[in-house]
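Visitor: Data file upload28.cif (mmCIF, C-alpha atoms) is appended below.
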```
data_work
loop_
_atom_site.label_atom_id
_atom_site.label_comp_id
_atom_site.auth_asym_id
_atom_site.auth_seq_id
_atom_site.Cartn_x
_atom_site.Cartn_y
_atom_site.Cartn_z
CA MET A 1 132.81 66.41 53.36
CA ARG A 2 129.86 65.34 51.23
CA ILE A 3 130.14 61.73 52.46
CA LEU A 4 130.36 62.91 56.08
CA GLY A 5 127.35 65.16 55.62
CA ARG A 6 125.31 62.36 54.07
CA ALA A 7 126.35 59.95 56.83
CA GLY A 8 125.39 62.51 59.47
CA PHE A 9 122.01 63.01 57.79
CA PHE A 10 121.29 59.26 57.76
CA LEU A 11 122.35 58.97 61.39
CA LEU A 12 119.99 61.81 62.30
CA VAL A 13 117.12 60.15 60.41
CA LEU A 14 117.91 56.83 62.10
CA ALA A 15 117.89 58.50 65.53
CA ILE A 16 114.51 60.16 64.82
CA VAL A 17 113.00 56.88 63.59
CA ALA A 18 114.32 54.99 66.61
CA TYR A 19 112.98 57.68 68.95
CA THR A 20 109.49 57.55 67.43
CA VAL A 21 109.20 53.80 66.77
CA PHE A 22 110.79 52.45 69.96
CA PRO A 23 107.83 53.26 72.28
CA PHE A 24 105.45 51.28 70.06
CA TYR A 25 107.95 48.41 69.82
CA TRP A 26 108.30 48.36 73.61
CA ALA A 27 104.52 48.38 73.97
CA ILE A 28 104.37 45.23 71.82
CA VAL A 29 107.10 43.59 73.90
CA SER A 30 105.34 44.53 77.16
CA SER A 31 102.00 43.25 75.85
CA LEU A 32 103.54 39.79 75.53
CA LYS A 33 104.72 39.68 79.14
CA ASP A 34 102.91 38.95 82.36
CA GLY A 35 103.72 38.96 86.04
CA ALA A 36 107.38 39.31 87.03
CA ALA A 37 108.49 39.05 83.38
CA LEU A 38 107.49 42.71 82.93
CA PHE A 39 110.48 43.74 85.04
CA ARG A 40 113.01 41.83 82.92
CA VAL A 41 114.69 43.82 80.17
CA GLU A 42 114.88 41.73 77.00
CA ALA A 43 114.58 42.48 73.30
CA TRP A 44 111.82 39.89 72.91
CA PRO A 45 110.05 37.87 75.60
CA SER A 46 111.29 34.30 75.91
CA ALA A 47 107.74 33.05 76.58
CA PRO A 48 105.24 35.39 74.82
CA GLN A 49 101.91 35.69 76.65
CA TRP A 50 99.34 36.06 73.87
CA SER A 51 96.68 35.57 76.52
CA ASN A 52 96.88 39.29 77.31
CA TYR A 53 95.16 40.06 74.01
CA ALA A 54 92.39 37.55 74.68
CA ALA A 55 91.93 38.86 78.23
CA VAL A 56 91.33 42.39 76.94
CA PHE A 57 88.21 41.22 75.10
CA ARG A 58 87.17 38.61 77.65
CA GLU A 59 87.11 40.77 80.78
CA GLN A 60 85.38 43.87 79.37
CA PRO A 61 83.33 44.88 76.29
CA PHE A 62 86.45 46.05 74.45
CA GLY A 63 85.06 45.10 71.05
CA ARG A 64 82.10 47.39 71.70
CA ASN A 65 84.48 50.13 72.84
CA ILE A 66 86.40 49.88 69.56
CA LEU A 67 83.14 50.06 67.61
CA ASN A 68 82.13 53.15 69.60
CA SER A 69 85.43 54.84 68.74
CA VAL A 70 85.02 53.97 65.06
CA ILE A 71 81.46 55.36 65.00
CA VAL A 72 82.37 58.55 66.85
CA ALA A 73 85.61 59.24 64.95
CA GLY A 74 84.00 58.44 61.59
CA SER A 75 81.02 60.71 62.24
CA VAL A 76 83.32 63.49 63.46
CA VAL A 77 85.35 63.27 60.24
CA ALA A 78 82.23 63.26 58.05
CA LEU A 79 80.67 66.27 59.79
CA SER A 80 83.96 68.18 60.03
CA LEU A 81 84.68 67.77 56.32
CA ALA A 82 81.09 68.50 55.22
CA LEU A 83 80.84 71.66 57.31
CA GLY A 84 84.48 72.63 56.86
CA VAL A 85 84.55 72.49 53.06
CA THR A 86 81.42 74.64 52.71
CA ALA A 87 82.74 77.18 55.24
CA ALA A 88 86.14 77.15 53.51
CA PHE A 89 84.48 77.89 50.14
CA ALA A 90 82.74 80.94 51.59
CA LEU A 91 85.80 82.16 53.51
CA GLY A 92 88.32 81.42 50.78
CA ARG A 93 86.48 82.41 47.58
CA MET A 94 83.99 85.12 48.56
CA GLN A 95 84.69 88.69 49.59
CA PHE A 96 82.69 90.06 52.52
CA ARG A 97 83.28 92.37 55.44
CA GLY A 98 84.75 90.78 58.56
CA ARG A 99 86.15 87.70 56.82
CA GLY A 100 89.60 88.06 58.37
CA PHE A 101 88.15 88.65 61.82
CA LEU A 102 85.93 85.58 61.46
CA LEU A 103 88.95 83.44 60.58
CA LEU A 104 90.77 84.74 63.67
CA VAL A 105 87.75 83.88 65.82
CA ILE A 106 87.68 80.35 64.38
CA LEU A 107 91.38 79.95 65.08
CA GLY A 108 90.96 81.41 68.57
CA VAL A 109 88.24 78.91 69.44
CA SER A 110 90.63 76.04 68.75
CA MET A 111 93.13 77.49 71.24
CA PHE A 112 90.85 77.10 74.26
CA PRO A 113 91.89 74.17 76.47
CA GLN A 114 89.28 71.44 76.79
CA VAL A 115 88.96 71.87 80.54
CA ALA A 116 87.96 75.52 80.04
CA VAL A 117 84.79 74.57 78.14
CA LEU A 118 84.10 71.29 79.93
CA SER A 119 81.50 72.52 82.43
CA GLY A 120 79.54 74.58 79.91
CA LEU A 121 79.61 71.80 77.35
CA PHE A 122 78.46 69.30 79.97
CA GLU A 123 75.40 71.44 80.69
CA LEU A 124 74.67 71.67 76.96
CA ILE A 125 75.02 67.91 76.46
CA ARG A 126 72.76 67.20 79.41
CA ALA A 127 70.16 69.76 78.27
CA LEU A 128 70.03 68.14 74.82
CA GLY A 129 69.56 64.70 76.39
CA LEU A 130 72.81 63.42 74.88
CA TYR A 131 74.58 62.35 78.06
CA ASN A 132 75.97 58.81 77.76
CA ASN A 133 75.24 58.97 74.03
CA LEU A 134 77.68 58.59 71.14
CA PHE A 135 76.20 61.56 69.28
CA GLY A 136 76.94 63.70 72.34
CA LEU A 137 80.61 62.78 71.95
CA THR A 138 80.48 63.58 68.24
CA LEU A 139 78.97 66.99 68.96
CA SER A 140 81.57 67.78 71.61
CA TYR A 141 84.51 66.68 69.46
CA LEU A 142 83.53 69.15 66.73
CA ILE A 143 84.71 71.92 69.05
CA PHE A 144 88.36 71.07 68.38
CA THR A 145 88.19 69.36 64.95
CA LEU A 146 85.97 71.81 63.06
CA PRO A 147 88.09 74.99 63.59
CA PHE A 148 91.23 73.20 62.43
CA THR A 149 89.43 71.74 59.41
CA VAL A 150 87.98 75.11 58.38
CA TRP A 151 91.33 76.87 58.74
CA VAL A 152 93.32 74.31 56.72
CA LEU A 153 90.72 73.95 53.97
CA THR A 154 90.33 77.73 53.70
CA THR A 155 94.07 78.11 53.13
CA TYR A 156 93.94 75.37 50.49
CA MET A 157 90.83 76.83 48.87
CA ARG A 158 92.53 80.20 48.40
CA GLU A 159 95.19 78.56 46.23
CA MET A 160 92.64 77.36 43.67
CA PRO A 161 93.09 79.16 40.31
CA VAL A 162 90.40 81.78 39.85
CA GLU A 163 90.28 80.88 36.14
CA LEU A 164 88.63 77.56 36.96
CA GLU A 165 85.87 79.25 38.90
CA GLU A 166 85.32 81.94 36.25
CA ALA A 167 85.16 79.39 33.44
CA ALA A 168 82.60 77.33 35.34
CA MET A 169 80.51 80.43 36.12
CA MET A 170 80.51 81.42 32.45
CA ASP A 171 79.14 77.97 31.61
CA GLY A 172 76.26 78.58 34.02
CA ALA A 173 77.52 76.63 37.02
CA SER A 174 76.20 77.64 40.42
CA PRO A 175 78.51 78.07 43.43
CA PHE A 176 77.40 74.65 44.70
CA VAL A 177 78.30 73.03 41.37
CA VAL A 178 81.67 74.82 41.35
CA LEU A 179 82.39 73.49 44.83
CA THR A 180 81.26 69.90 44.24
CA ARG A 181 82.25 69.38 40.59
CA ILE A 182 85.33 71.60 40.22
CA PHE A 183 87.03 72.12 43.57
CA LEU A 184 86.29 68.93 45.50
CA PRO A 185 88.05 66.60 43.00
CA LEU A 186 91.14 68.81 43.30
CA MET A 187 91.04 68.89 47.10
CA GLY A 188 91.63 65.17 47.65
CA PRO A 189 95.03 65.62 49.38
CA ALA A 190 93.73 68.38 51.66
CA MET A 191 90.58 66.41 52.53
CA ALA A 192 92.64 63.30 53.29
CA THR A 193 95.06 65.25 55.49
CA THR A 194 92.46 67.12 57.52
CA GLY A 195 90.18 64.08 57.71
CA LEU A 196 92.94 61.85 59.05
CA LEU A 197 94.07 64.42 61.61
CA ALA A 198 90.47 64.88 62.76
CA PHE A 199 90.09 61.09 62.99
CA ILE A 200 93.24 60.76 65.11
CA ALA A 201 92.13 63.60 67.41
CA ALA A 202 88.70 62.03 67.92
CA TRP A 203 90.14 58.52 68.30
CA ASN A 204 92.59 59.58 71.03
CA GLU A 205 90.34 62.04 72.93
CA PHE A 206 90.00 61.17 76.62
CA LEU A 207 88.60 64.02 78.74
CA PHE A 208 85.24 64.48 76.99
CA ALA A 209 84.80 60.73 76.58
CA LEU A 210 85.36 60.21 80.29
CA THR A 211 83.00 63.04 81.30
CA PHE A 212 80.12 62.48 78.89
CA THR A 213 79.81 58.68 79.15
CA LEU A 214 78.74 56.58 82.10
CA THR A 215 78.41 52.90 81.16
CA ASP A 216 81.07 50.53 79.84
CA GLU A 217 79.03 49.92 76.67
CA MET A 218 79.16 53.62 75.71
CA ARG A 219 82.82 54.30 76.42
CA THR A 220 85.48 54.74 73.75
CA VAL A 221 88.85 53.00 73.74
CA PRO A 222 90.97 55.64 75.59
CA VAL A 223 88.61 55.53 78.58
CA ALA A 224 88.29 51.75 78.38
CA ILE A 225 92.07 51.36 78.50
CA ALA A 226 92.38 53.78 81.43
CA LEU A 227 89.81 51.79 83.40
CA ILE A 228 91.48 48.39 82.97
CA SER A 229 92.12 47.11 86.47
CA GLY A 230 93.81 44.12 88.07
CA SER A 231 92.46 41.49 90.40
CA SER A 232 93.20 43.75 93.39
CA SER A 233 93.76 47.43 94.10
CA PHE A 234 97.51 46.76 94.33
CA GLU A 235 97.85 45.22 90.85
CA LEU A 236 98.30 47.25 87.68
CA PRO A 237 97.94 44.91 84.67
CA TRP A 238 100.54 46.45 82.36
CA GLY A 239 100.42 43.46 80.03
CA ARG A 240 96.71 43.91 79.26
CA ILE A 241 97.03 47.70 79.10
CA MET A 242 99.84 47.45 76.56
CA ALA A 243 97.93 44.82 74.58
CA ALA A 244 94.90 47.12 74.38
CA SER A 245 97.16 50.04 73.38
CA VAL A 246 98.68 48.01 70.54
CA ILE A 247 95.23 46.95 69.32
CA VAL A 248 93.93 50.53 69.11
CA THR A 249 97.15 51.90 67.58
CA LEU A 250 97.19 49.51 64.61
CA PRO A 251 94.17 51.13 62.83
CA LEU A 252 95.86 54.54 62.95
CA ILE A 253 99.10 53.13 61.54
CA SER A 254 97.14 51.41 58.76
CA LEU A 255 95.33 54.64 57.84
CA VAL A 256 98.58 56.61 57.70
CA LEU A 257 100.23 53.96 55.49
CA VAL A 258 97.23 53.85 53.12
CA PHE A 259 96.90 57.64 52.76
CA GLN A 260 100.55 58.62 53.17
CA ARG A 261 100.94 60.00 49.64
CA ARG A 262 97.81 62.12 49.88
CA ILE A 263 98.83 63.32 53.34
CA VAL A 264 102.26 64.46 52.16
CA SER A 265 100.73 66.09 49.09
CA GLY A 266 98.14 67.87 51.19
CA LEU A 267 100.71 69.19 53.63
CA THR A 268 103.26 70.39 51.07
CA ALA A 269 101.48 71.32 47.86
CA GLY A 270 98.62 73.34 46.44
CA ALA A 271 95.88 72.05 44.17
CA VAL A 272 97.10 73.24 40.75
CA LYS A 273 100.43 74.67 39.75
CA GLY A 274 101.49 76.03 36.44
#
```
Would you give me this structure, written as structure tokens?

Guide:
Amino acid sequence: MRILGRAGFFLLVLAIVAYTVFPFYWAIVSSLKDGAALFRVEAWPSAPQWSNYAAVFREQPFGRNILNSVIVAGSVVALSLALGVTAAFALGRMQFRGRGFLLLVILGVSMFPQVAVLSGLFELIRALGLYNNLFGLTLSYLIFTLPFTVWVLTTYMREMPVELEEAAMMDGASPFVVLTRIFLPLMGPAMATTGLLAFIAAWNEFLFALTFTLTDEMRTVPVAIALISGSSSFELPWGRIMAASVIVTLPLISLVLVFQRRIVSGLTAGAVKG
């Protein structure tokens, strides 16, 4: 029974891995095909068309689009973590009236669908003169990354031993010193987890990027991929679309592989146990 149970577990893991990895594998296979070859089912193309990858950069400013996504996602992560960790310190370590209600409000804001706030946010972006501007995208993305960051970091901050804070206070440390010198070094896993999830959310966002940008030079990669067109209105260039999708997916896979230990630690453990 033990052998059967272990075999069943491995088969289940194999099925989950195949289910999650196969779409990316098929995207790679499709990116190496062109024309009628896209309609042939084969494990690997007999004549790989690497020209699809070159065409992505040759026919549109895709390099600039990737840079835009890096700038926007990086700035969103930096602002989300900077604002989120300070808010989490106040919400997780200080006692004041209405703290629970404030946390519920923050969580409730993250539940609003993007389309519900799109028109109001568009008016705000236009009034601030940030239309077709990367900082306008950064500001709009904080609507869905900041509430999540505050909520996760607040939960993690509450698990910090109170003895550490009391000892630092007795030595004359201010709340800012306690946060930056005591708590931040212990919050590496939580910061890595929330930062990576915020980066992925900003990297993949489509609706705001489509609405708040106008020119090809200001667009991010999801919009740039959606606007890839063929030589006529009847052609859908799946080869170039899949090539662009593979290109923009590789950075996310690299980040997950680099920070996988911190991500798992941040999702499953507290800061100090004992």

Visitor: If the PyMOL selection byres ((chain A and resi 85-88) around 7) is run on the structure shown, which residues does it catch, given as a list in words?

Guide: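 Applied to this file, the PyMOL selection byres ((chain A and resi 85-88) around 7) selects Leu81, Ala82, Leu83, Gly84, Phe89, Ala90, Leu91, Gly92, Val150, Leu153, Thr154 and Met157 of chain A.
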
Visitor: Considering all atoms listed in the file, state which residue in the set A:Ile182, A:Ala73, A:Leu79, A:Ala244 is at the smallest distance from Ala54 of chain A.

Guide: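 Under the stated criterion, the closest residue is A:Ala244.
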
Visitor: Between A:Gly195, A:Gly108, A:Gly120, A:Pro175, which is the closest to Thr149 of chain A once you count only C-alpha atoms?

Guide: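 Distance minimum relative to Thr149 of chain A lands on A:Gly195.
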
Visitor: I'd like the contact shell of segment 212-221 of chain A - 8 Å cut-off, all atoms listed in the file, skipping same-chain residues fewer than 3 positions apart - returned as a VMD selection string.

Guide: chain A and resid 60 to 62 64 to 66 68 to 69 122 125 131 to 134 136 to 137 203 208 to 209 224 to 225 248

Visitor: Which of these, A:Val41, A:Leu67, A:Leu164, A:Val76, has the shortest distance to Phe135 of chain A once you count only C-alpha atoms?

Guide: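 Once distances to Phe135 of chain A are computed over only C-alpha atoms, the minimum belongs to A:Val76.
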
Visitor: Quick one: which residues end up in the PyMOL selection byres ((chain A and resi 162) around 12) for this structure, as a ChimeraX atom specification?

Guide: /A:92-94,157-161,163-169,178,182-183,271-272

Visitor: Could you put an axis-aligned box around every listed atom of segment 97-107 of chain A, padded by 5 Å on each side, and send me its centre and edge lengths in Å to one decimal, as AutoDock Vina command-line options?

Guide:
```
--center_x 87.3 --center_y 86.2 --center_z 60.6 --size_x 18.1 --size_y 22.4 --size_z 20.4
```

Visitor: With distances taken over only C-alpha atoms, which of A:Pro45, A:Val223, A:Met191, A:Val258 is nearest to Ile241 of chain A?

Guide: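 When distances to Ile241 of chain A are compared using only C-alpha atoms, the smallest one comes from A:Val223.
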
Visitor: Give me, please, the distance in Å between atom CA of Ser119 of chain A and atom CA of Leu210 of chain A, quoted to one decimal.

Guide: 13.1 Å

Visitor: Between A:Thr145, A:Thr193, A:Ser254, A:Ser245, which is the closest to Ser31 of chain A once you count only C-alpha atoms?

Guide: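 So, comparing all the options, the nearest one is A:Ser245.
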
Visitor: If you apply the PyMOL selection byres ((chain A and resi 242) around 12) to this file, what residues do you get, as a ChimeraX atom specification?

Guide: /A:23-34,38,49-50,52-53,55-56,225-226,228,236-241,243-249

Visitor: Which residues come within 12 Å of Gln114 of chain A, counting only C-alpha atoms, excluding same-chain residues fewer than 4 positions away, as a count of residues only?

Guide: 18

Visitor: Could you check how far atom CA of Ala7 of chain A sits from atom CA of Gln260 of chain A, in Å to one decimal?

Guide: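 It comes out at 26.1 Å.
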
Visitor: Closest to Ile200 of chain A among A:Val72, A:Ala127, A:Ala173, A:Leu179, using only C-alpha atoms?

Guide: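 Smallest distance to Ile200 of chain A is found for A:Val72.
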
Visitor: Can you tell me how far atom CA of Phe259 of chain A sits from atom CA of Ala201 of chain A, in Å to one decimal?

Guide: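 Computing it gives 16.5 Å between the two atoms.
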
Visitor: Missing atoms in segment 236-254 of chain A: can you complete it with N, CA and C atoms, as a PDB file, in the coordinates of the input?

Guide:
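The result, stored in out.pdb:
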```pdb
ATOM      1  N   LEU A 236      98.505  46.475  88.897  1.00  0.00           N
ATOM      2  CA  LEU A 236      98.300  47.250  87.680  1.00  0.00           C
ATOM      3  C   LEU A 236      98.665  46.363  86.491  1.00  0.00           C
ATOM      4  N   PRO A 237      97.691  45.908  85.727  1.00  0.00           N
ATOM      5  CA  PRO A 237      97.940  44.910  84.670  1.00  0.00           C
ATOM      6  C   PRO A 237      98.563  45.546  83.427  1.00  0.00           C
ATOM      7  N   TRP A 238      99.867  45.800  83.484  1.00  0.00           N
ATOM      8  CA  TRP A 238     100.540  46.450  82.360  1.00  0.00           C
ATOM      9  C   TRP A 238     100.465  45.607  81.095  1.00  0.00           C
ATOM     10  N   GLY A 239     100.484  44.300  81.223  1.00  0.00           N
ATOM     11  CA  GLY A 239     100.420  43.460  80.030  1.00  0.00           C
ATOM     12  C   GLY A 239      99.139  43.678  79.247  1.00  0.00           C
ATOM     13  N   ARG A 240      97.985  43.694  79.940  1.00  0.00           N
ATOM     14  CA  ARG A 240      96.710  43.910  79.260  1.00  0.00           C
ATOM     15  C   ARG A 240      96.572  45.344  78.770  1.00  0.00           C
ATOM     16  N   ILE A 241      97.096  46.296  79.538  1.00  0.00           N
ATOM     17  CA  ILE A 241      97.030  47.700  79.100  1.00  0.00           C
ATOM     18  C   ILE A 241      97.831  47.897  77.818  1.00  0.00           C
ATOM     19  N   MET A 242      99.025  47.325  77.769  1.00  0.00           N
ATOM     20  CA  MET A 242      99.840  47.450  76.560  1.00  0.00           C
ATOM     21  C   MET A 242      99.216  46.697  75.388  1.00  0.00           C
ATOM     22  N   ALA A 243      98.600  45.558  75.647  1.00  0.00           N
ATOM     23  CA  ALA A 243      97.930  44.820  74.580  1.00  0.00           C
ATOM     24  C   ALA A 243      96.784  45.636  73.996  1.00  0.00           C
ATOM     25  N   ALA A 244      95.994  46.269  74.860  1.00  0.00           N
ATOM     26  CA  ALA A 244      94.900  47.120  74.380  1.00  0.00           C
ATOM     27  C   ALA A 244      95.446  48.319  73.611  1.00  0.00           C
ATOM     28  N   SER A 245      96.553  48.894  74.066  1.00  0.00           N
ATOM     29  CA  SER A 245      97.160  50.040  73.380  1.00  0.00           C
ATOM     30  C   SER A 245      97.631  49.654  71.981  1.00  0.00           C
ATOM     31  N   VAL A 246      98.235  48.479  71.860  1.00  0.00           N
ATOM     32  CA  VAL A 246      98.680  48.010  70.540  1.00  0.00           C
ATOM     33  C   VAL A 246      97.492  47.807  69.619  1.00  0.00           C
ATOM     34  N   ILE A 247      96.425  47.227  70.141  1.00  0.00           N
ATOM     35  CA  ILE A 247      95.230  46.950  69.320  1.00  0.00           C
ATOM     36  C   ILE A 247      94.653  48.245  68.759  1.00  0.00           C
ATOM     37  N   VAL A 248      94.563  49.295  69.570  1.00  0.00           N
ATOM     38  CA  VAL A 248      93.930  50.530  69.110  1.00  0.00           C
ATOM     39  C   VAL A 248      94.885  51.415  68.312  1.00  0.00           C
ATOM     40  N   THR A 249      96.178  51.127  68.364  1.00  0.00           N
ATOM     41  CA  THR A 249      97.150  51.900  67.580  1.00  0.00           C
ATOM     42  C   THR A 249      97.252  51.389  66.153  1.00  0.00           C
ATOM     43  N   LEU A 250      97.049  50.093  65.952  1.00  0.00           N
ATOM     44  CA  LEU A 250      97.190  49.510  64.610  1.00  0.00           C
ATOM     45  C   LEU A 250      96.278  50.148  63.568  1.00  0.00           C
ATOM     46  N   PRO A 251      94.996  50.458  63.866  1.00  0.00           N
ATOM     47  CA  PRO A 251      94.170  51.130  62.830  1.00  0.00           C
ATOM     48  C   PRO A 251      94.727  52.465  62.394  1.00  0.00           C
ATOM     49  N   LEU A 252      95.293  53.244  63.317  1.00  0.00           N
ATOM     50  CA  LEU A 252      95.860  54.540  62.950  1.00  0.00           C
ATOM     51  C   LEU A 252      97.081  54.365  62.053  1.00  0.00           C
ATOM     52  N   ILE A 253      97.929  53.390  62.378  1.00  0.00           N
ATOM     53  CA  ILE A 253      99.100  53.130  61.540  1.00  0.00           C
ATOM     54  C   ILE A 253      98.663  52.695  60.150  1.00  0.00           C
ATOM     55  N   SER A 254      97.641  51.870  60.066  1.00  0.00           N
ATOM     56  CA  SER A 254      97.140  51.410  58.760  1.00  0.00           C
ATOM     57  C   SER A 254      96.608  52.582  57.940  1.00  0.00           C
TER      58      SER A 254
END
```
